[in-house]
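Participant: Structure in structure tokens, see below.
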Amino acid sequence: MTETSSADNATTRASLLDRTMTNLREVWRDMADWRGGFANSPAPSLPDKDIEALKTQMRDCLDARGGEVSARARAANLGRIYLSLNAQGRKRFLQILATEFDIDRKAVDKAVAALQQAGDKGKDRAKAERALHKALQPPRLRLLTQLNALPEGFHFLVDLRTELLSWSKDDPVLAALERDLLSLLASWFDVGFLELRRITWESPAALLEKVIAYEAVHPIRSWDDLKNRLSSDRRCFTFFHPRMPNEPLIIVQVALVHGIADNVQTLLDETAPVVDPQEADTAIFYSISNAHEGLSGISFGNFLIKRVVDELAGEFKNLKTFATLSPIPGFRGWLDRKLSEPGQDAEATLLNAAERKAIAMAAGTGKEPASLQTLLHNTAWTQKPELAKALKQPLLRLCAQYLVNEKRDSGAALDRVARFHLSNGARIERLNWLADTSERGLRQSAGMMVNYLYKLNDIEANHEAYRGEGKISRSTAVRTLLKT
């Protein structure tokens, strides 16, 4: 296998999605023997002339005429219609589903009035509450539930939500449908049913292909790269759900090493000697990839981490430390926003005079202060030792401030990877300078990475403190950085 890029991985993902859609059309073909409102199949872009026929088909699905076999046939045909459309047509399909089969506001108002008249107790009150609950359920939920009942229906809806997520950003109507679908998927998704499997070099080629395609943190460049990540001092685990038995949901990659790793290029070096896993004292989680964007927002990370830790601790008795080597994907974006704030000398609020002078001298700009934003946008700074040295301490301090002090309105950490690990009971252990000098690493975090430590006796307390009070556990080293 030749070298691959993230673009190649995206192409492979798209190919897998196309293959899934083709398979679904075949699975549902024999079931979908009912044509509904269509004399012929709709055009791929779902033009206006086909809209009324589609609405009729959707209404017939909701009418639930006939028995279970007829209902499944109508739902299968509706699903096949969706799969036959191009992107424009699928978007129009979902817009129709969202608008024509939304909540009936008049029915809601009537149910609210009936509830107000029913008093506080008794059968009338209970009846009015049930009526209001029913009125608040948009018919589109029943349509989605019918699609879920089909073979591979859950997988179909997960992929459908993947498309919805991109389209709903600028469309409030589709955003409401996306929230409905997320609610349904979450209600059907019980983490207790997840099956943990280890991936090895002997695993089926189709599964290895998916591991390559779904790797989202450190792209797998070649088959040799993958083989290195599956060697004896490495572990790769995937979680599967009974509703998607052949699709990895989460992929976890672990390195068994001595001490906490501080550089991902070193960790993934194919020429490095293999460590005897029985002698390793540390398990480094260096990649946790969500294989299906359509399941984002459904939380099962805490369950996942604990399962993998238990698996490793049971196999390797010498393991004493469980930590990550994690990216900091939001740091550079946050720093750029800070440096671009109008009406003030932004750098003066972020860097002290000594730091600005040292950076200017190292950058060769003389007495004029160097623009930190300009320096970081040109990755050549990593090849200039004096400049890198001048940038090290202020960037480490700013990154610590970002991870610990910058919060969302909800009080959760601003950085998405930090949110994941902190909510699962980890503490911020150490920031690592120039730990990822790839193009992505420099673009996301000026090459810095962070170790989150899972100290088994503290996980529950850290989780409770973070979720309850927004308190972030951090090591003495990180506290020291914040004071510099």
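Labeling convention for the structure tokens: chains A, B, ... as they appear, residues from 1 per chain, ligands from 1 in order of appearance.
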Could you find all residues in segment 404-453 of chain A that DSSP calls alpha helix (DSSP H) from the backbone, and write them as a list of chain:residue names?
Facilitator: A:Val404, A:Asn405, A:Arg416, A:Val417, A:Ala418, A:Arg419, A:Phe420, A:His421, A:Leu422, A:Ser423, A:Glu439, A:Arg440, A:Gly441, A:Leu442, A:Arg443, A:Gln444, A:Ser445
Participant: Those same residues, written as a compact mmCIF listing (two decimals), in the first residue's frame with C-alpha atoms?
Facilitator:
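out33.txt written:
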```txt
# COMPACT_ATOMS: atom_id res chain seq x y z
CA VAL A 404 -7.84 24.75 32.36
CA ASN A 405 -9.51 28.17 32.24
CA ARG A 416 -13.40 18.91 22.76
CA VAL A 417 -10.73 16.31 23.52
CA ALA A 418 -10.26 17.77 26.99
CA ARG A 419 -14.03 17.55 27.56
CA PHE A 420 -13.98 13.88 26.66
CA HIS A 421 -11.17 12.88 29.01
CA LEU A 422 -12.05 15.20 31.89
CA SER A 423 -15.66 14.02 31.89
CA GLU A 439 1.33 19.56 9.54
CA ARG A 440 -1.89 18.84 11.43
CA GLY A 441 -0.18 18.98 14.83
CA LEU A 442 1.42 22.35 14.11
CA ARG A 443 -1.81 23.72 12.67
CA GLN A 444 -3.96 22.60 15.60
CA SER A 445 -1.74 23.18 18.61
```
Participant: When you look at Ile81 of chain A with a cut-off of 9 Å (counting only C-alpha atoms), what residues show up, excluding the ones that are within fewer than 3 positions of it in the same chain? I need them as a short mmCIF file (atom, residue, chain, number, x, y, z; two decimals) with C-alpha atoms, in the first residue's frame.
Facilitator:
```
data_model
loop_
_atom_site.label_atom_id
_atom_site.label_comp_id
_atom_site.auth_asym_id
_atom_site.auth_seq_id
_atom_site.Cartn_x
_atom_site.Cartn_y
_atom_site.Cartn_z
CA SER A 41 -38.97 6.13 -9.53
CA PRO A 42 -38.28 9.81 -8.74
CA LEU A 54 -43.24 11.51 -2.08
CA ALA A 76 -38.39 -0.31 2.76
CA ASN A 77 -39.58 1.37 -0.43
CA LEU A 78 -39.30 4.80 1.20
CA SER A 84 -31.63 6.37 -4.99
CA LEU A 85 -31.37 10.17 -4.73
#
```
Participant: Tell me which of A:Val478, A:Ala206, A:Cys399, A:Ala283 sits closest to Lys455 of chain A, counting only C-alpha atoms.
Facilitator: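 Among the listed residues, A:Ala283 lies closest to Lys455 of chain A.
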Participant: Using only C-alpha atoms, which residue out of A:Glu100, A:Arg92, A:Pro385, A:Leu391 lies closest to Lys357 of chain A?
Facilitator: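 Of the candidates, the smallest distance to Lys357 of chain A is held by A:Leu391.
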Participant: Rank A:Gly79, A:Leu230, A:Thr238, A:Arg479 by their smallest atom-to-atom distance to Val274 of chain A, using only C-alpha atoms, and report the top residue only.
Facilitator: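 That would be A:Leu230, the residue with the smallest distance to Val274 of chain A.
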Participant: Quick one: residues within 10 Å of segment 333-343 of chain A, only C-alpha atoms, excluding same-chain residues fewer than 4 positions away - as a list in words?
Facilitator: Pro329, Glu347, Ala348, Thr349, Leu350, Ser371, Leu372, Gln373, Thr374, Leu376, His377, Leu395, Leu398, Cys399, Tyr402, Glu406, Leu414, Asp415, Arg443, Gln444 and Ser445 of chain A
Participant: Write the residues of the selection above to a file with C-alpha atoms, as an mmCIF file, in the first residue's frame.
Facilitator:
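Printed below is result.cif as written:
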```cif
data_model
loop_
_atom_site.group_PDB
_atom_site.id
_atom_site.type_symbol
_atom_site.label_atom_id
_atom_site.label_comp_id
_atom_site.auth_asym_id
_atom_site.auth_seq_id
_atom_site.Cartn_x
_atom_site.Cartn_y
_atom_site.Cartn_z
ATOM 1 C CA PRO A 329 -7.325 20.500 18.448
ATOM 2 C CA GLU A 347 -0.129 40.245 22.229
ATOM 3 C CA ALA A 348 0.599 42.549 25.146
ATOM 4 C CA THR A 349 -2.212 40.883 27.095
ATOM 5 C CA LEU A 350 -0.913 37.402 26.341
ATOM 6 C CA SER A 371 3.800 39.044 15.274
ATOM 7 C CA LEU A 372 3.135 35.813 17.108
ATOM 8 C CA GLN A 373 0.267 35.038 14.756
ATOM 9 C CA THR A 374 2.466 35.455 11.681
ATOM 10 C CA LEU A 376 2.961 30.450 14.001
ATOM 11 C CA HIS A 377 1.273 30.433 10.604
ATOM 12 C CA LEU A 395 3.076 28.842 24.391
ATOM 13 C CA LEU A 398 -1.005 29.836 27.125
ATOM 14 C CA CYS A 399 -1.933 26.259 26.294
ATOM 15 C CA TYR A 402 -6.612 27.324 27.421
ATOM 16 C CA GLU A 406 -11.322 28.443 28.908
ATOM 17 C CA LEU A 414 -13.624 24.505 25.636
ATOM 18 C CA ASP A 415 -11.382 21.905 23.988
ATOM 19 C CA ARG A 443 -1.814 23.721 12.673
ATOM 20 C CA GLN A 444 -3.955 22.597 15.604
ATOM 21 C CA SER A 445 -1.739 23.182 18.608
#
```
Participant: Looking at A:Ala216, A:Met449, A:Ile428, A:Pro139, which one is nearest to Ser473 of chain A, with distances taken over only C-alpha atoms?
Facilitator: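 Using only C-alpha atoms, Ser473 of chain A sits closest to A:Ile428.
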Participant: Fewer than 3 positions away in the same chain doesn't count, so skip those; otherwise give me all residues within 12 Å of Thr99 of chain A, counting only C-alpha atoms, as a count of residues only.
Facilitator: 19
Participant: Restricting the calculation to only C-alpha atoms, which member of A:Ser287, A:His463, A:Lys91, A:Thr484 is positioned closest to Glu355 of chain A?
Facilitator: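 Nearest candidate to Glu355 of chain A out of A:Ser287, A:His463, A:Lys91, A:Thr484: A:Thr484.
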Participant: Nearest to Asp262 of chain A among A:Asn290, A:Asn432, A:Thr382, A:Asn424, with distances taken over only C-alpha atoms: which residue is it?
Facilitator: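 Looking only at the distances to Asp262 of chain A, the closest residue turns out to be A:Asn432.
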Participant: Rounded to one decimal place, report the atom CA of Arg474 of chain A-atom CA of Pro327 of chain A distance in Å.
Facilitator: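 Between these atoms lies a distance of 16.7 Å.
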Participant: Skip Glu202 of chain A itself and residues of its chain fewer than 4 positions away, then list as an MDAnalysis selection string all residues within 12 Å of it, counting only C-alpha atoms.
Facilitator: chainID A and resid 198 206:208 226:227 230:231
Participant: Find the residues near Leu256 of chain A: any atom within 9 Å, counting only C-alpha atoms, skip ones fewer than 6 places away on the same chain, and give them as number ranges by chain.
Facilitator: A: 232-235, 275-284, 319
